[in-house]
$ cat entry32.cif   # mmCIF, C-alpha atoms
data_work
loop_
_atom_site.label_atom_id
_atom_site.label_comp_id
_atom_site.auth_asym_id
_atom_site.auth_seq_id
_atom_site.Cartn_x
_atom_site.Cartn_y
_atom_site.Cartn_z
CA MET A 1 -15.17 32.34 -73.78
CA THR A 2 -16.46 31.88 -70.23
CA PHE A 3 -15.05 31.60 -66.75
CA GLU A 4 -16.21 28.95 -64.36
CA SER A 5 -15.37 28.83 -60.72
CA GLY A 6 -16.18 26.77 -57.68
CA GLY A 7 -13.21 25.15 -56.04
CA ARG A 8 -10.96 25.92 -58.98
CA SER A 9 -11.28 28.62 -61.65
CA VAL A 10 -11.51 27.43 -65.21
CA LEU A 11 -11.31 29.40 -68.44
CA VAL A 12 -13.36 27.93 -71.26
CA ILE A 13 -12.36 28.87 -74.82
CA ASP A 14 -14.02 27.22 -77.80
CA GLY A 15 -15.13 24.38 -75.57
CA GLN A 16 -11.65 23.76 -74.17
CA ARG A 17 -11.41 23.99 -70.38
CA LEU A 18 -8.17 25.56 -69.10
CA ALA A 19 -7.48 25.46 -65.37
CA LEU A 20 -6.32 28.63 -63.65
CA ASP A 21 -4.23 28.64 -60.49
CA ALA A 22 -5.04 30.46 -57.25
CA ASN A 23 -3.54 33.66 -58.70
CA GLY A 24 -5.63 33.47 -61.88
CA HIS A 25 -2.67 32.41 -64.05
CA LEU A 26 -2.86 29.50 -66.46
CA HIS A 27 -2.11 26.30 -64.58
CA ASP A 28 -0.38 24.83 -67.65
CA PRO A 29 1.74 27.44 -69.49
CA ALA A 30 1.94 25.11 -72.50
CA ALA A 31 -1.80 25.55 -73.00
CA TRP A 32 -1.37 29.26 -73.76
CA ARG A 33 -2.50 30.73 -77.03
CA PRO A 34 -3.42 34.30 -78.03
CA ALA A 35 -7.11 33.70 -77.30
CA VAL A 36 -6.15 33.07 -73.65
CA ALA A 37 -4.50 36.48 -73.40
CA GLU A 38 -7.52 38.14 -75.01
CA ALA A 39 -9.95 36.39 -72.66
CA LEU A 40 -7.99 37.15 -69.48
CA ALA A 41 -7.42 40.77 -70.48
CA GLU A 42 -11.05 41.25 -71.48
CA ARG A 43 -12.13 39.98 -68.07
CA ASP A 44 -10.01 42.81 -66.60
CA GLY A 45 -11.50 45.37 -68.98
CA ILE A 46 -8.45 45.61 -71.26
CA GLN A 47 -8.69 45.46 -75.03
CA LEU A 48 -5.26 44.32 -76.22
CA SER A 49 -3.60 46.75 -78.63
CA GLU A 50 -0.48 46.27 -80.74
CA ASP A 51 1.66 47.68 -77.90
CA HIS A 52 0.04 45.33 -75.37
CA TRP A 53 0.94 42.44 -77.63
CA TRP A 54 4.49 43.66 -78.01
CA LEU A 55 4.81 43.75 -74.21
CA ILE A 56 3.31 40.28 -73.73
CA GLU A 57 5.52 38.77 -76.40
CA PHE A 58 8.66 40.46 -75.05
CA VAL A 59 8.00 39.08 -71.56
CA ARG A 60 7.23 35.60 -72.92
CA HIS A 61 10.43 35.60 -74.98
CA HIS A 62 12.53 36.81 -72.04
CA HIS A 63 11.03 34.17 -69.77
CA HIS A 64 11.64 31.45 -72.34
CA LYS A 65 15.28 32.50 -72.79
CA TYR A 66 16.27 33.24 -69.18
CA GLY A 67 13.69 31.50 -67.00
CA THR A 68 12.63 34.74 -65.31
CA PRO A 69 10.52 37.73 -66.27
CA PRO A 70 12.49 40.85 -67.23
CA LEU A 71 13.30 43.62 -64.80
CA MET A 72 11.25 46.75 -65.34
CA ARG A 73 14.38 48.64 -66.45
CA VAL A 74 14.96 46.03 -69.16
CA LEU A 75 11.37 46.40 -70.30
CA VAL A 76 11.62 50.20 -70.39
CA ALA A 77 14.85 50.07 -72.42
CA ALA A 78 13.33 47.65 -74.92
CA TYR A 79 10.11 49.66 -75.18
CA ARG A 80 12.09 52.80 -75.97
CA VAL A 81 13.70 50.99 -78.89
CA HIS A 82 10.36 49.52 -79.99
CA ALA A 83 8.61 52.89 -79.88
CA GLY A 84 11.61 54.86 -81.17
CA ASP A 85 11.38 57.30 -78.30
CA ASP A 86 14.28 57.63 -75.82
CA ARG A 87 12.21 59.74 -73.45
CA LEU A 88 9.74 57.02 -72.52
CA THR A 89 9.69 55.93 -68.90
CA SER A 90 7.97 53.17 -66.94
CA ARG A 91 4.86 55.37 -66.94
CA ALA A 92 4.31 54.45 -70.59
CA LEU A 93 4.20 50.78 -69.59
CA TYR A 94 1.88 51.45 -66.66
CA ARG A 95 -0.49 53.12 -69.10
CA LEU A 96 -0.71 49.78 -70.89
CA PHE A 97 -0.99 47.61 -67.79
CA PRO A 98 -1.81 49.85 -64.82
CA ASP A 99 -1.52 47.24 -62.05
CA ASN A 100 2.02 46.11 -62.87
CA PRO A 101 3.30 45.76 -66.45
CA VAL A 102 5.54 42.75 -65.79
CA ARG A 103 3.01 40.87 -63.69
CA GLN A 104 0.11 41.55 -66.03
CA ALA A 105 2.17 40.56 -69.07
CA CYS A 106 2.96 37.28 -67.26
CA LEU A 107 -0.72 36.79 -66.45
CA TYR A 108 -1.97 37.34 -69.99
CA GLY A 109 1.08 35.64 -71.49
CA GLY A 110 0.34 32.34 -69.77
CA LEU A 111 3.30 32.50 -67.38
CA ALA A 112 3.26 31.84 -63.65
CA LYS A 113 3.03 34.77 -61.28
CA PRO A 114 6.61 35.94 -60.61
CA ASP A 115 7.63 34.37 -57.31
CA TRP A 116 10.40 36.81 -56.50
CA CYS A 117 10.31 39.97 -54.43
CA ILE A 118 12.09 42.33 -56.79
CA VAL B 1 4.76 50.96 -31.86
CA GLN B 2 7.68 48.69 -32.59
CA ALA B 3 6.36 47.81 -36.07
CA SER B 4 5.90 51.50 -36.88
CA ARG B 5 9.41 52.27 -35.81
CA PHE B 6 10.85 49.52 -38.02
CA SER B 7 8.84 50.78 -40.98
CA LEU B 8 10.24 54.24 -40.42
CA MET B 9 13.78 52.86 -40.16
CA ASP B 10 13.30 51.01 -43.44
CA HIS B 11 12.07 54.14 -45.09
CA LEU B 12 15.00 56.17 -43.88
CA ASP B 13 17.56 53.38 -44.38
CA GLY B 14 18.55 54.16 -40.81
CA TYR B 15 20.75 51.16 -40.09
CA ASN B 16 24.37 51.52 -39.17
CA ARG B 17 25.09 47.91 -40.14
CA VAL B 18 23.38 45.32 -42.29
CA MET B 19 24.06 41.59 -41.99
CA LEU B 20 23.16 39.06 -44.70
CA VAL B 21 22.47 35.52 -43.48
CA GLN B 22 22.06 32.88 -46.19
CA ALA B 23 22.94 29.48 -44.76
CA ASP B 24 20.90 27.19 -42.50
CA LEU B 25 20.59 28.64 -39.04
CA ALA B 26 22.21 25.56 -37.51
CA GLU B 27 25.42 25.92 -39.56
CA PRO B 28 28.56 27.10 -37.75
CA LEU B 29 28.78 30.14 -40.03
CA VAL B 30 25.35 31.37 -38.93
CA ARG B 31 26.08 30.64 -35.29
CA ALA B 32 29.17 32.81 -35.73
CA GLN B 33 27.02 35.51 -37.32
CA LEU B 34 24.70 35.40 -34.31
CA GLN B 35 27.67 35.90 -32.02
CA GLN B 36 28.90 38.70 -34.25
CA ALA B 37 25.50 40.41 -33.92
CA ARG B 38 25.59 39.96 -30.14
CA ASP B 39 29.05 41.55 -29.99
CA LEU B 40 28.08 44.48 -32.19
CA LEU B 41 24.97 45.25 -30.18
CA ALA B 42 26.76 44.82 -26.84
CA THR B 43 29.24 47.48 -27.91
CA GLY B 44 26.61 49.90 -29.18
CA GLN B 45 27.34 49.43 -32.89
CA GLY B 46 23.69 49.23 -33.99
CA PRO B 47 21.17 49.84 -35.32
CA LEU B 48 21.57 46.51 -37.08
CA LEU B 49 19.39 44.94 -39.74
CA VAL B 50 19.79 41.17 -40.14
CA PHE B 51 18.38 39.95 -43.44
CA PHE B 52 17.64 36.23 -43.72
CA HIS B 53 17.86 35.09 -47.34
CA ALA B 54 18.03 31.76 -49.21
CA ARG B 55 18.13 28.73 -46.86
CA ALA B 56 18.22 30.98 -43.81
CA ALA B 57 14.70 32.20 -44.65
CA ALA B 58 13.25 28.83 -43.62
CA LEU B 59 14.12 29.71 -40.01
CA GLU B 60 14.59 26.08 -39.12
CA GLU B 61 16.36 25.02 -35.90
CA ARG B 62 14.10 26.26 -33.14
CA GLY B 63 16.93 26.91 -30.72
CA GLN B 64 18.61 29.32 -33.11
CA VAL B 65 15.33 31.06 -33.94
CA LEU B 66 14.77 31.63 -30.22
CA ALA B 67 18.32 32.89 -29.82
CA TRP B 68 17.83 35.51 -32.56
CA ALA B 69 14.42 36.44 -31.15
CA GLY B 70 15.92 36.78 -27.69
CA LEU B 71 18.61 39.08 -29.03
CA ALA B 72 15.94 41.21 -30.69
CA ALA B 73 14.01 41.39 -27.42
CA ALA B 74 17.12 42.52 -25.57
CA HIS B 75 17.94 45.16 -28.20
CA ARG B 76 14.46 46.26 -29.17
CA ASP B 77 15.60 49.63 -30.50
CA ASP B 78 18.71 48.44 -32.29
CA LEU B 79 17.96 45.17 -34.02
CA SER B 80 15.55 44.34 -36.81
CA LEU B 81 15.15 40.79 -38.16
CA ALA B 82 13.94 40.72 -41.78
CA VAL B 83 13.20 37.61 -43.86
CA CYS B 84 13.24 37.55 -47.65
CA GLN B 85 9.62 37.09 -48.66
CA ALA B 86 10.32 35.03 -51.79
CA ALA B 87 12.93 32.76 -50.19
CA ARG B 88 10.57 32.18 -47.27
CA SER B 89 7.54 31.32 -49.41
CA ARG B 90 9.58 28.80 -51.43
CA ARG B 91 10.36 26.86 -48.29
CA VAL B 92 7.60 27.45 -45.77
CA ASP B 93 3.93 28.11 -46.29
CA ALA B 94 3.63 30.43 -43.31
CA ALA B 95 4.71 33.89 -42.28
CA PRO B 96 7.82 34.07 -40.11
CA PRO B 97 7.19 34.24 -36.35
CA ALA B 98 7.52 37.60 -34.58
CA PRO B 99 9.80 39.45 -34.18
CA PHE B 100 10.93 38.29 -37.64
CA ARG B 101 9.07 40.05 -40.45
CA THR B 102 9.06 39.68 -44.20
CA SER B 103 10.94 42.06 -46.44
CA THR B 104 12.35 42.22 -49.97
CA LEU B 105 15.75 42.11 -51.62
CA VAL B 106 15.27 45.64 -52.88
CA ARG B 107 14.75 46.81 -49.30
CA PHE B 108 17.86 44.86 -48.31
CA TRP B 109 19.94 46.79 -50.84
CA ALA B 110 18.37 50.11 -49.92
CA ALA B 111 19.23 49.51 -46.26
CA ALA B 112 22.72 48.19 -47.04
CA LEU B 113 23.64 51.19 -49.15
CA GLY B 114 22.56 53.54 -46.41
CA ALA B 115 24.66 51.70 -43.81
CA THR B 116 28.32 52.11 -42.98
CA GLU B 117 29.15 48.41 -42.89
CA LEU B 118 27.84 45.28 -44.57
CA LEU B 119 28.47 41.86 -43.05
CA ALA B 120 28.02 39.37 -45.89
CA PRO B 121 29.42 37.39 -44.20
CA HIS B 122 32.67 39.26 -43.52
CA PRO B 123 32.45 42.88 -42.38
CA VAL B 124 33.25 45.34 -45.15
CA ALA B 125 32.79 49.07 -45.38
CA VAL B 126 29.93 50.08 -47.67
CA GLN B 127 31.63 51.74 -50.64
CA THR B 128 30.25 54.15 -53.18
CA GLY B 129 32.05 52.46 -56.08
CA GLY B 130 29.47 49.72 -56.58
CA VAL B 131 29.06 46.11 -55.54
CA LEU B 132 31.27 43.06 -56.06
CA LEU B 133 29.66 39.66 -55.57
CA ARG B 134 32.26 36.90 -55.38
CA ILE B 135 30.77 33.47 -55.96
CA ARG B 136 33.32 30.94 -54.76
CA ARG B 137 31.42 27.73 -55.37
CA ALA B 138 28.37 26.57 -57.28
CA ALA B 139 25.04 26.64 -55.49
CA ASP B 140 22.21 24.25 -56.26
CA PRO B 141 18.65 25.35 -57.02
CA PRO B 142 16.90 27.21 -55.53
CA GLU B 143 19.93 28.89 -53.92
CA SER B 144 21.58 29.53 -57.31
CA ARG B 145 18.41 31.29 -58.49
CA GLU B 146 18.31 33.26 -55.23
CA LEU B 147 21.87 34.48 -55.78
CA LEU B 148 20.79 35.69 -59.21
CA GLU B 149 17.81 37.44 -57.62
CA LEU B 150 20.16 39.19 -55.20
CA VAL B 151 22.01 40.62 -58.21
CA LEU B 152 18.81 41.44 -60.11
CA ALA B 153 17.50 43.35 -57.09
CA ALA B 154 20.70 45.41 -57.04
CA ALA B 155 20.39 45.94 -60.79
CA SER B 156 16.80 47.08 -60.40
CA LEU B 157 18.18 49.91 -58.26
CA GLU B 158 20.69 50.60 -61.04
CA LEU B 159 23.66 49.77 -58.82
CA ASP B 160 26.96 49.12 -60.57
CA VAL B 161 27.44 45.40 -59.95
CA VAL B 162 30.28 43.03 -60.84
CA VAL B 163 29.69 39.30 -60.37
CA CYS B 164 32.91 37.30 -60.17
CA PHE B 165 32.57 33.55 -60.68
CA GLU B 166 35.50 31.61 -59.35
CA ALA B 167 36.48 28.34 -61.03
CA GLU B 168 34.30 26.15 -58.83
CA ALA B 169 31.26 28.36 -59.46
CA LEU B 170 31.33 28.25 -63.27
CA SER B 171 29.15 25.14 -63.40
CA MET B 172 26.27 27.34 -62.22
CA LEU B 173 26.22 28.92 -65.66
CA ALA B 174 25.57 25.67 -67.51
CA GLY B 175 22.27 24.44 -68.87
CA GLU B 176 18.77 25.73 -68.36
CA GLN B 177 19.41 26.79 -64.76
CA GLY B 178 22.43 28.82 -65.79
CA ALA B 179 20.74 30.64 -68.66
CA GLY B 180 19.18 33.19 -66.33
CA TRP B 181 22.57 34.63 -65.39
CA PHE B 182 23.23 35.76 -68.94
CA GLN B 183 20.44 38.33 -68.82
CA LEU B 184 22.89 40.32 -66.67
CA ARG B 185 25.31 40.54 -69.57
CA ASP B 186 22.83 40.66 -72.45
CA HIS B 187 20.90 43.57 -70.90
CA GLU B 188 23.91 45.28 -69.30
CA LEU B 189 22.54 44.79 -65.79
CA ALA B 190 25.85 43.66 -64.30
CA ARG B 191 29.35 42.74 -65.41
CA MET B 192 30.12 39.01 -65.32
CA VAL B 193 33.76 38.04 -64.89
CA THR B 194 35.81 35.07 -63.75
CA THR B 195 39.19 34.37 -62.25
CA ALA B 196 39.23 30.87 -63.76
CA ALA B 197 41.93 29.93 -66.25
CA ASP B 198 39.27 28.60 -68.60
CA PRO B 199 36.73 31.40 -68.57
CA ALA B 200 34.08 29.71 -70.74
CA GLU B 201 31.92 32.59 -72.02
CA LEU B 202 33.04 35.12 -69.45
CA GLU B 203 35.55 37.93 -69.30
CA CYS B 204 38.67 36.71 -67.50
CA ILE B 205 40.22 39.06 -64.95
CA ASP B 206 43.52 38.90 -63.11
CA SER B 207 44.22 39.23 -59.40
CA THR B 208 45.14 42.91 -59.76
CA ALA B 209 41.73 43.84 -61.16
CA LEU B 210 40.01 41.77 -58.51
CA ALA B 211 42.04 43.43 -55.74
CA ARG B 212 41.16 46.86 -57.11
CA TRP B 213 37.47 46.06 -57.16
CA GLN B 214 37.68 44.65 -53.65
CA ALA B 215 39.10 47.95 -52.48
CA GLU B 216 36.59 50.11 -54.33
CA ARG B 217 33.37 48.15 -54.00
CA THR B 218 31.09 46.74 -51.36
CA VAL B 219 31.94 43.04 -51.32
CA LEU B 220 29.61 40.11 -50.78
CA GLU B 221 30.76 36.51 -50.83
CA ALA B 222 28.76 33.41 -51.58
#
$ encode --input "entry32.cif" --output "structure tokens"
Amino acid sequence: MTFESGGRSVLVIDGQRLALDANGHLHDPAAWRPAVAEALAERDGIQLSEDHWWLIEFVRHHHHKYGTPPLMRVLVAAYRVHAGDDRLTSRALYRLFPDNPVRQACLYGGLAKPDWCI
Amino acid sequence: VQASRFSLMDHLDGYNRVMLVQADLAEPLVRAQLQQARDLLATGQGPLLVFFHARAAALEERGQVLAWAGLAAAHRDDLSLAVCQAARSRRVDAAPPAPFRTSTLVRFWAAALGATELLAPHPVAVQTGGVLLRIRRAADPPESRELLELVLAAASLELDVVVCFEAEALSMLAGEQGAGWFQLRDHELARMVTTAADPAELECIDSTALARWQAERTVLEA
């Protein structure tokens, strides 16, 4: 896996060149596969764990069903159920993706950067 | 100095009134809202935050933009003009001209809930019993999506929101575009109801329930 840049960033996985947009998200969401998530996360110094994958897949599923990423409160509620711990807060999600759990899950999950201001 | 003061006002939710503007600036409704703002400020009923959302965020119609800017210049301490960042960026690839500044829907709600009156578009007292959004007719994309975002922003603040779809608005819930609304119900973010005789997938309410909510809640109409 390599990244090329110069005009437009490109992610190269197994010889396949995948264009990234100006925000570093996959230009074509249909081109996403798990190796894309691993490559983008690795570039940011994140080794994807089982909980990271749960988060990415939850956000991808929500986006597919509703056309938007989930609200943070939806993510927290679902993560509590997933982890079996009612005391968990958004801090648990920020430990997984410290910049912004929803945005980073979109980034690694092959979705466009959320264009809303919520 | 002015920018710092506005930031402080946002932080403290220090507006007496908040006005939501969603239509094109040239439309009669928005011209009436401009006059309403003039009247409020002339009678000392500020501070007023005017939030430009949906089509209004494009700030088209130069004459109207200048009229709003002129009003802000005349009432420097009592009027703030905020533009929804997402609605703006969908329509125009440039920041809004001063004295307009970008803001967010979450900030809109925070300011509205700290105010005494919301004008959206009709003046209503800000109530503690939650929010009622009455959607009278279907909006096309991207305005339909932006109405949903208005509700999602309220839900992100854990406000108690009811969205009432009137008969002519139910078509917004169909197809791929409409699917997004159902996250409100599926994830208990807001209650979705209708006054239509054929409620489709929604809970049907009668005029008594609607009247009660109108009395108890802060009402927005779209």
$ closest_residue --input "entry32.cif" --among "A:Ala78, A:Leu93, A:Leu18, A:Val59" --to "chain B" --atoms "all atoms listed in the file"
A:Ala78
$ closest_atom_pairs --input "entry32.cif" --of "chain A" --to "chain B" --cutoff "10 Å" --atoms "only C-alpha atoms" --output "CSV"
residue,atom,partner,partner_atom,distance
A:His62,CA,B:Gln183,CA,8.7
A:His63,CA,B:Gly180,CA,8.9
A:His64,CA,B:Gly180,CA,9.8
A:Lys65,CA,B:Ala179,CA,7.1
A:Tyr66,CA,B:Gly180,CA,4.1
A:Gly67,CA,B:Gly180,CA,5.8
A:Thr68,CA,B:Gly180,CA,6.8
A:Pro69,CA,B:Gly180,CA,9.8
A:Pro70,CA,B:Gln183,CA,8.5
A:Leu71,CA,B:Ser156,CA,6.6
A:Met72,CA,B:Ser156,CA,7.4
A:Arg73,CA,B:Ser156,CA,6.7
A:Val74,CA,B:His187,CA,6.7
A:Leu75,CA,B:His187,CA,10.0
A:Ala77,CA,B:His187,CA,9.0
A:Ala78,CA,B:His187,CA,9.5
A:Pro114,CA,B:Ala86,CA,9.6
A:Asp115,CA,B:Ala86,CA,6.2
A:Trp116,CA,B:Ala86,CA,5.0
A:Cys117,CA,B:Thr104,CA,5.4
A:Ile118,CA,B:Ala153,CA,5.5
$ atom_distance --input "entry32.cif" --atom1 "CA of Leu48 in chain A" --atom2 "CA of Ala105 in chain A"
11.0 Å
$ residues_around --input "entry32.cif" --residues "Val219 in chain B" --least-positions-apart "6" --cutoff "7 Å" --atoms "only C-alpha atoms" --output "list in words"
Val124, Val131, Leu132 and Leu133 of chain B
$ resolve_selection --input "entry32.cif" --expression "the PyMOL selection byres ((chain B and resi 54) around 6)" --output "number ranges by chain"
B: 22, 53, 55-57, 87, 143
$ atom_distance --input "entry32.cif" --atom1 "CA of Glu60 in chain B" --atom2 "CA of Val92 in chain B"
9.7 Å
$ residues_around --input "entry32.cif" --residues "Arg17 in chain A" --least-positions-apart "3" --cutoff "10 Å" --atoms "only C-alpha atoms" --output "list in words"
Met1, Thr2, Phe3, Glu4, Ser9, Val10, Leu11, Val12, Ile13, Asp14 and Leu20 of chain A
$ axis_aligned_box --input "entry32.cif" --around "range 120-126 of chain B" --padding-each-side "6 Å" --output "AutoDock Vina command-line options"
--center_x 30.6 --center_y 43.7 --center_z -45.0 --size_x 17.2 --size_y 24.7 --size_z 17.3
$ residues_near_point --input "entry32.cif" --point "(36.3, 34.3, -46.7)" --cutoff "10 Å" --atoms "only C-alpha atoms" --output "list in words"
Ala120, Pro121, His122, Arg134, Arg136, Leu220, Glu221 and Ala222 of chain B
$ write_last_selection --input "entry32.cif" --atoms "C-alpha atoms" --output "tab-separated table (two decimals), in the coordinates of the input"
chain	number	residue	atom	x	y	z
B	120	ALA	CA	28.02	39.37	-45.89
B	121	PRO	CA	29.42	37.39	-44.20
B	122	HIS	CA	32.67	39.26	-43.52
B	134	ARG	CA	32.26	36.90	-55.38
B	136	ARG	CA	33.32	30.94	-54.76
B	220	LEU	CA	29.61	40.11	-50.78
B	221	GLU	CA	30.76	36.51	-50.83
B	222	ALA	CA	28.76	33.41	-51.58
$ resolve_selection --input "entry32.cif" --expression "the PyMOL selection byres ((chain A and resi 51) around 12)" --output "PyMOL selection string"
chain A and resi 47-50+52-58+79-80+82-83+92-97+101+105
$ residues_around --input "entry32.cif" --residues "range 63-79 of chain B" --least-positions-apart "3" --cutoff "12 Å" --atoms "only C-alpha atoms" --output "compact mmCIF listing (two decimals) with C-alpha atoms, keeping the file's coordinate frame"
# COMPACT_ATOMS: atom_id res chain seq x y z
CA VAL B 1 4.76 50.96 -31.86
CA GLN B 2 7.68 48.69 -32.59
CA ALA B 3 6.36 47.81 -36.07
CA SER B 4 5.90 51.50 -36.88
CA ARG B 5 9.41 52.27 -35.81
CA PHE B 6 10.85 49.52 -38.02
CA MET B 9 13.78 52.86 -40.16
CA GLY B 14 18.55 54.16 -40.81
CA TYR B 15 20.75 51.16 -40.09
CA ASN B 16 24.37 51.52 -39.17
CA ARG B 17 25.09 47.91 -40.14
CA VAL B 18 23.38 45.32 -42.29
CA MET B 19 24.06 41.59 -41.99
CA VAL B 21 22.47 35.52 -43.48
CA ASP B 24 20.90 27.19 -42.50
CA LEU B 25 20.59 28.64 -39.04
CA ALA B 26 22.21 25.56 -37.51
CA GLU B 27 25.42 25.92 -39.56
CA PRO B 28 28.56 27.10 -37.75
CA VAL B 30 25.35 31.37 -38.93
CA ARG B 31 26.08 30.64 -35.29
CA ALA B 32 29.17 32.81 -35.73
CA GLN B 33 27.02 35.51 -37.32
CA LEU B 34 24.70 35.40 -34.31
CA GLN B 35 27.67 35.90 -32.02
CA GLN B 36 28.90 38.70 -34.25
CA ALA B 37 25.50 40.41 -33.92
CA ARG B 38 25.59 39.96 -30.14
CA ASP B 39 29.05 41.55 -29.99
CA LEU B 40 28.08 44.48 -32.19
CA LEU B 41 24.97 45.25 -30.18
CA ALA B 42 26.76 44.82 -26.84
CA THR B 43 29.24 47.48 -27.91
CA GLY B 44 26.61 49.90 -29.18
CA GLN B 45 27.34 49.43 -32.89
CA GLY B 46 23.69 49.23 -33.99
CA PRO B 47 21.17 49.84 -35.32
CA LEU B 48 21.57 46.51 -37.08
CA LEU B 49 19.39 44.94 -39.74
CA VAL B 50 19.79 41.17 -40.14
CA PHE B 51 18.38 39.95 -43.44
CA PHE B 52 17.64 36.23 -43.72
CA ALA B 56 18.22 30.98 -43.81
CA ALA B 57 14.70 32.20 -44.65
CA ALA B 58 13.25 28.83 -43.62
CA LEU B 59 14.12 29.71 -40.01
CA GLU B 60 14.59 26.08 -39.12
CA ALA B 82 13.94 40.72 -41.78
CA PRO B 96 7.82 34.07 -40.11
CA PRO B 97 7.19 34.24 -36.35
CA ALA B 98 7.52 37.60 -34.58
CA PRO B 99 9.80 39.45 -34.18
CA PHE B 100 10.93 38.29 -37.64
CA ARG B 101 9.07 40.05 -40.45
$ atom_distance --input "entry32.cif" --atom1 "CA of Arg33 in chain A" --atom2 "CA of Leu111 in chain A"
11.4 Å
